[in-house]
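Reading through the structure tokens given below for one structure.
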Amino acid sequence: MILILMGVTGCGKTTIGKQLAQELNWPFYDGDDFHPRANVEKMRSGIPLTDEDRDPWLAILQNLIREKIGARQPAILACSALKQKYRDRLQVDPQDVRFVFLQGDFDTITQRLAARTNHYMNPNLLKSQFEALEEPNDALVVNIDATPEAMSARIKTELQLQG
């Protein structure tokens, strides 16, 4: 299974992804690490990415997912996947790819971003991410108000995952 943790910047995708990866003994991949340099520079400068900017990035992630499924290797991927068409691209096999939407409100995530350091994502992009977000109908929804441990436990229980 490929588990994709999705949501706006600052919702906890990397934190929860690493937590789950450790508990399940699965590899973790942060989608941010696969962005082309031009995308990183745009985000650092506070310029929202366009669909055209995201296209090569999504292709890389899609290939990673196909590779892991082909090798029958589970993995956890943190990826914003804000729009349904992005999720459709990443949903290369509905049996093997599951989405978890880490849902939070603007004010909570704004506070988290204010405390975050060493990340290239400009906090001013949060508004554009909420504007682009198309909440999924086919994902497990987990509210970010819980602790990382509680969120991880809920995801494992709901998706019947064992390490």
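Chain lettering (A, B, ...) mirrors the order of the structure tokens, residue numbering begins at 1 for each chain separately, and ligand numbering begins at 1 in order of display.
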Just list the residues in range 11-155 of chain A DSSP gives strand (DSSP E) on the backbone, as a PyMOL selection string.
-> chain A and resi 28-30+75-78+97-103+140-143
Apply DSSP to the structure's backbone, then extract all residues of range 57-86 of chain A labelled alpha helix (DSSP H) and return them as a list in words.
-> Trp57, Leu58, Ala59, Ile60, Leu61, Gln62, Asn63, Leu64, Ile65, Arg66, Glu67, Lys68, Ile69, Gly70, Gln84, Lys85 and Tyr86 of chain A
Can I get the selected residues back with N, CA and C atoms, as a short mmCIF file (atom, residue, chain, number, x, y, z; two decimals), in the first residue's frame?
data_model
loop_
_atom_site.label_atom_id
_atom_site.label_comp_id
_atom_site.auth_asym_id
_atom_site.auth_seq_id
_atom_site.Cartn_x
_atom_site.Cartn_y
_atom_site.Cartn_z
N TRP A 57 6.58 17.75 -11.34
CA TRP A 57 6.65 17.24 -9.96
C TRP A 57 5.69 16.08 -9.77
N LEU A 58 4.46 16.24 -10.22
CA LEU A 58 3.48 15.17 -10.11
C LEU A 58 3.90 13.94 -10.91
N ALA A 59 4.54 14.16 -12.07
CA ALA A 59 5.02 13.03 -12.88
C ALA A 59 6.08 12.23 -12.12
N ILE A 60 6.97 12.93 -11.44
CA ILE A 60 8.01 12.25 -10.64
C ILE A 60 7.36 11.43 -9.52
N LEU A 61 6.40 12.03 -8.82
CA LEU A 61 5.73 11.33 -7.73
C LEU A 61 4.92 10.14 -8.26
N GLN A 62 4.27 10.32 -9.38
CA GLN A 62 3.50 9.25 -10.00
C GLN A 62 4.43 8.06 -10.33
N ASN A 63 5.59 8.35 -10.86
CA ASN A 63 6.56 7.29 -11.18
C ASN A 63 7.05 6.59 -9.92
N LEU A 64 7.29 7.36 -8.85
CA LEU A 64 7.70 6.77 -7.58
C LEU A 64 6.63 5.81 -7.08
N ILE A 65 5.39 6.23 -7.13
CA ILE A 65 4.28 5.38 -6.67
C ILE A 65 4.20 4.11 -7.52
N ARG A 66 4.29 4.25 -8.83
CA ARG A 66 4.26 3.07 -9.72
C ARG A 66 5.40 2.10 -9.40
N GLU A 67 6.56 2.68 -9.16
CA GLU A 67 7.75 1.87 -8.85
C GLU A 67 7.53 1.07 -7.56
N LYS A 68 7.03 1.73 -6.54
CA LYS A 68 6.80 1.05 -5.25
C LYS A 68 5.71 -0.02 -5.38
N ILE A 69 4.64 0.29 -6.09
CA ILE A 69 3.58 -0.70 -6.28
C ILE A 69 4.11 -1.89 -7.07
N GLY A 70 4.87 -1.61 -8.13
CA GLY A 70 5.43 -2.67 -8.96
C GLY A 70 6.35 -3.60 -8.18
N GLN A 84 -8.29 17.74 -6.93
CA GLN A 84 -8.70 16.38 -7.29
C GLN A 84 -7.91 15.86 -8.49
N LYS A 85 -7.64 16.73 -9.46
CA LYS A 85 -6.90 16.26 -10.64
C LYS A 85 -5.47 15.83 -10.27
N TYR A 86 -4.90 16.42 -9.25
CA TYR A 86 -3.57 15.97 -8.79
C TYR A 86 -3.69 14.59 -8.15
#
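In terms of minimum interatomic distance to Gly7 in chain A, A:Gln129 ranks closest within A:Gln73, A:Gln129, A:Asn39, A:Thr108, counting only C-alpha atoms.
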Which of A:Asp53, A:Asp138, A:Glu41, A:Asp105 sits closest to Asp88 in chain A [using only C-alpha atoms] | A:Asp138
Distance criterion (only C-alpha atoms): nearest to Ile155 in chain A out of A:Ser45, A:Glu135, A:Gln19, A:Asp107 | A:Gln19
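When CA of Ala115 in chain A is paired with CA of Ala153 in chain A, their separation reads 25.0 Å.
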CA of Asp96 in chain A to CA of Leu24 in chain A: how many Å, to one decimal?
->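 So the answer is 16.2 Å.
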When you look at Ala21 in chain A with a cut-off of 8 Å (counting only C-alpha atoms), what residues show up, excluding the ones that are within fewer than 6 positions of it in the same chain? I need them as a PDB file with C-alpha atoms, in the first residue's frame.
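The new file selection-v8.pdb reads:
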ATOM      1  CA  PRO A  27       9.897   4.152   3.954  1.00  0.00           C
ATOM      2  CA  PHE A  28       8.828   7.788   4.044  1.00  0.00           C
ATOM      3  CA  ALA A  75       5.507   3.549   1.362  1.00  0.00           C
ATOM      4  CA  ILE A  76       4.269   6.756   2.912  1.00  0.00           C
TER       5      ILE A  76
END
Polymer residues at most 9 Å from Phe130 in chain A, only C-alpha atoms, same-chain spacing of 6 or more positions, as a PyMOL selection string = chain A and resi 8+82+106
Using only C-alpha atoms, which of A:Asn143, A:Gly31, A:Arg44, A:Leu126 sits nearest Gln103 in chain A?
-> A:Asn143
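You can rank A:Ala114, A:Ile16, A:Val100, A:Cys79 by their closest distance to Asn137 in chain A using only C-alpha atoms, and at the top of that list sits A:Val100.
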Among listed residues A:Ala81, A:Ile109, A:Leu5, A:Ala38, nearest Val142 in chain A (using only C-alpha atoms) | A:Leu5
